[in-house]
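Asker: Sending over a structure as structure tokens; questions will come in a sec.
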Amino acid sequence: MAQPNTAWDHHPEPLTVTSAPAPEYGSGSLADLLPTLAAGLGVPGTTATISELTPADRNCVFLIDGLGWEQLRAHPEDAPFMTSLLATSRGGTGRPLTAGYPATTATSLASVGTGLPPGAHGLPGYTVRNPDTGELMNQLRWQPWTPPGAWQPYPTVFQLAHEAGVHAAQVSSPTFETTPLTKVALSGGTFLGRLTGEDRMDLAAEQLAAGDRSLVYTYFAEVDGAGHRFGVDSDTWRGQLMYADRLVQRLAEQLPPRSALYVTADHGMIDVPFDEQHRIDFDEDWELSAGVALLGGEGRARHVYAVPGAANDVLTCWREVLGEQFWVASRDEAIAAGWFGPKIDERVYDRIGDVVAAARDDVLLIASEREPKESAMVGNHGSMTPAEQLVPLLEVRS
């Protein structure tokens, strides 16, 4: 008897929403880091939820934009100092943190600074719909301008620390001092702008020593920029990783007594090939665009806003077209699965797409006409895959 043709009989099932590896909110996410450090400093209103961390009197968080756990582990020769610290990650367990969903800069910086998951702080994507205006709001560039305090009303951990008598400071590029994102995510205490990485490291060490109890944040952006433009294994990216490694060592060697330095990141990154198989163009796909009023998010973490009455049809279509490569969920399904945290504030609910699509495979849903710059990027991030979601928490103590 002839055997059945399994190639013809095979019908892959769409990915289930619950199969997505939701972030470790409440125990091991970026949102848990500053509250844990602040609780160790005795700051009221904060709770230590990363159980592996030991309190220190002076704490510095150095966030290297775009340096994921997997990328760091894959390049030991370019980052020898940070590689030597891998075993210290997450309190000596040698494990990473999860960034949170989506794994993108605006969302992650808000999670770091407020100590809240995206469903509470309300920056749940690169671009999301403003329910009050019906327009897409770019939360990284803050365009169109929106009142920051209404968009994100919670105090930052730096504000809480400053009010509790802890010396709080942010040392970063002067460019970021007055941005709305800094105001809602990282304000509180003193902002000190320095252009060069070396100056930031030196000043961060000084700020740590400026108080008996200190909470200091510093930042380096260029690893992310090189990855977006050239890819995460390019010579340019490797050069920025080497430079970041030297900055970490420079800061570590200057720590004042009773200090803990934590090196982390806002997300990782993957390179996506430039072909039609890996880059699906929403602007040229009539099926995906049918019934869609607004396309938000980014290529690997989409918020899809349907025209009134079309949400179920859009969800069905997106599952049929993308469901073997993307986790495709309705808003309520994504919330129930914990993608944005354990609970969603009422003001945030309608910022989340009617349909939420997170890439599992090395694919990108671009929009070549409405997002030409983003569609041309080599390196991308946003979803819940390990390459994007896992970030280090390297530790140096003095």
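We label chains A, B, ... in the order they appear in the structure tokens, count residues from 1 in each chain, and number ligands from 1 in the order shown.
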List the spatial neighbours of range 130-134 of chain A as a count of residues only - criterion: any atom at most 10 Å away, only C-alpha atoms, same-chain residues fewer than 3 positions off excluded.
Answerer: 15
Asker: Please report as a tab-separated table every residue of range 11-94 of chain A lying within 12 Å of range 187-202 of chain A, along with the nearest atom pair and their distance in Å (one decimal), using only C-alpha atoms.
Answerer:
residue	atom	partner	partner_atom	distance
A:Cys60	CA	A:Met201	CA	10.5
A:Val61	CA	A:Met201	CA	11.2
A:Phe62	CA	A:Met201	CA	9.1
A:Leu63	CA	A:Met201	CA	11.8
A:Ile64	CA	A:Gly197	CA	11.1
Asker: Emit the selected residues as a short mmCIF file (atom, residue, chain, number, x, y, z; two decimals), in the first residue's frame, including C-alpha atoms.
Answerer:
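Final file, again-v5.cif:
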data_model
loop_
_atom_site.label_atom_id
_atom_site.label_comp_id
_atom_site.auth_asym_id
_atom_site.auth_seq_id
_atom_site.Cartn_x
_atom_site.Cartn_y
_atom_site.Cartn_z
CA CYS A 60 25.37 52.41 39.73
CA VAL A 61 23.44 51.08 36.74
CA PHE A 62 25.31 51.32 33.42
CA LEU A 63 22.90 50.62 30.56
CA ILE A 64 24.48 49.77 27.20
#
Asker: As number ranges by chain, list the residues of range 61-224 of chain A assigned to helix (DSSP H, G or I) by DSSP on the backbone atoms of this structure.
Answerer: A: 69-73, 80-84, 86-92, 105-114, 118-121, 148-151, 157-163, 174-176, 180-185, 197-209, 222-224
Asker: Rank A:Ala110, A:Ala337, A:Ala22, A:Leu203 by their smallest atom-to-atom distance to Lys183 in chain A, using only C-alpha atoms, and report the top residue only.
Answerer: A:Ala110
Asker: Considering only C-alpha atoms, return as a list in words whatever protein or nucleic-acid residues lie within 6 Å of Gly231 in chain A, sequence-local ones (same chain, fewer than 4 positions apart) excluded.
Answerer: Gly227, Asp271, Val378 and Gly379 of chain A
Asker: For each of A:His121, A:His75, A:Arg141, A:Arg129, take the minimum atom-to-atom distance to Tyr154 in chain A, counting only C-alpha atoms, then give the residue where this is smallest.
Answerer: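 Distance minimum relative to Tyr154 in chain A lands on A:His121.
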Asker: Using only C-alpha atoms, pick whichever of A:His278, A:Arg246, A:His267, A:Arg58 has the shortest atom-to-atom distance to Leu365 in chain A.
Answerer: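 The answer is A:His278, which sits nearest to Leu365 in chain A.
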Asker: Please measure the separation of CA of Gly92 in chain A and CA of Gly115 in chain A, giving the value in Å to one decimal.
Answerer: 21.9 Å
Asker: For the atom pair CA of Ala87 in chain A and CA of Glu395 in chain A, what is the interatomic distance in Å to one decimal place?
Answerer: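 Separation of CA of Ala87 in chain A and CA of Glu395 in chain A: 9.0 Å.
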Asker: Find the residues around Ala310 in chain A up to 8 Å (only C-alpha atoms counted), leave out those fewer than 3 positions away in its own chain, and share them as a list in words.
Answerer: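 Near Ala310 in chain A, the qualifying residues are Gly291, Val292, Ala306, Val307, Asp313 and Val314 of chain A.
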Asker: Residues as selected, C-alpha atoms, written as a CSV table (one decimal), in the first residue's frame, can you do that?
Answerer:
chain,number,residue,atom,x,y,z
A,291,GLY,CA,-9.4,46.5,7.8
A,292,VAL,CA,-6.3,48.1,9.4
A,306,ALA,CA,-8.4,48.0,13.2
A,307,VAL,CA,-11.2,50.1,11.7
A,313,ASP,CA,-11.5,39.8,10.9
A,314,VAL,CA,-8.0,41.4,11.2
Asker: So, counting only C-alpha atoms, which residue among A:Gly45, A:Pro180, A:Pro153, A:Pro257 is closest to Leu208 in chain A?
Answerer: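 Comparing A:Gly45, A:Pro180, A:Pro153, A:Pro257 against Leu208 in chain A, the winner is A:Pro257.
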Asker: Near Leu53 in chain A, within 12 Å and counting only C-alpha atoms, which residues show up once chain neighbours fewer than 3 positions away are dropped, as an MDAnalysis selection string?
Answerer: chainID A and resid 27:28 32:40 48:50 56 59 88:93 260:262 393:397
Asker: Please return as a ChimeraX atom specification: the residues of range 19-126 of chain A that backbone DSSP assigns to strand (DSSP E or B).
Answerer: /A:29,58-64,97-98
Asker: Those same residues, written as an mmCIF file, in the first residue's frame with C-alpha atoms?
Answerer:
data_model
loop_
_atom_site.group_PDB
_atom_site.id
_atom_site.type_symbol
_atom_site.label_atom_id
_atom_site.label_comp_id
_atom_site.auth_asym_id
_atom_site.auth_seq_id
_atom_site.Cartn_x
_atom_site.Cartn_y
_atom_site.Cartn_z
ATOM 1 C CA SER A 29 12.863 41.801 34.522
ATOM 2 C CA ARG A 58 26.170 52.967 46.541
ATOM 3 C CA ASN A 59 24.606 51.591 43.363
ATOM 4 C CA CYS A 60 25.368 52.408 39.732
ATOM 5 C CA VAL A 61 23.435 51.082 36.735
ATOM 6 C CA PHE A 62 25.305 51.325 33.416
ATOM 7 C CA LEU A 63 22.899 50.619 30.560
ATOM 8 C CA ILE A 64 24.478 49.772 27.197
ATOM 9 C CA LEU A 97 17.251 39.344 33.065
ATOM 10 C CA THR A 98 14.347 39.737 30.649
#
Asker: Neighbours of range 157-170 of chain A within 6 Å (only C-alpha atoms; same-chain residues fewer than 3 positions away dropped), as a ChimeraX atom specification?
Answerer: /A:43,113-114,188-191,211,213-218
Asker: When you count only C-alpha atoms, which of these residues is closest to Pro102 in chain A: A:Asp283, A:Asp212, A:Asp266, A:Asp224?
Answerer: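 Of A:Asp283, A:Asp212, A:Asp266, A:Asp224, the one nearest Pro102 in chain A, counting only C-alpha atoms, is A:Asp266.
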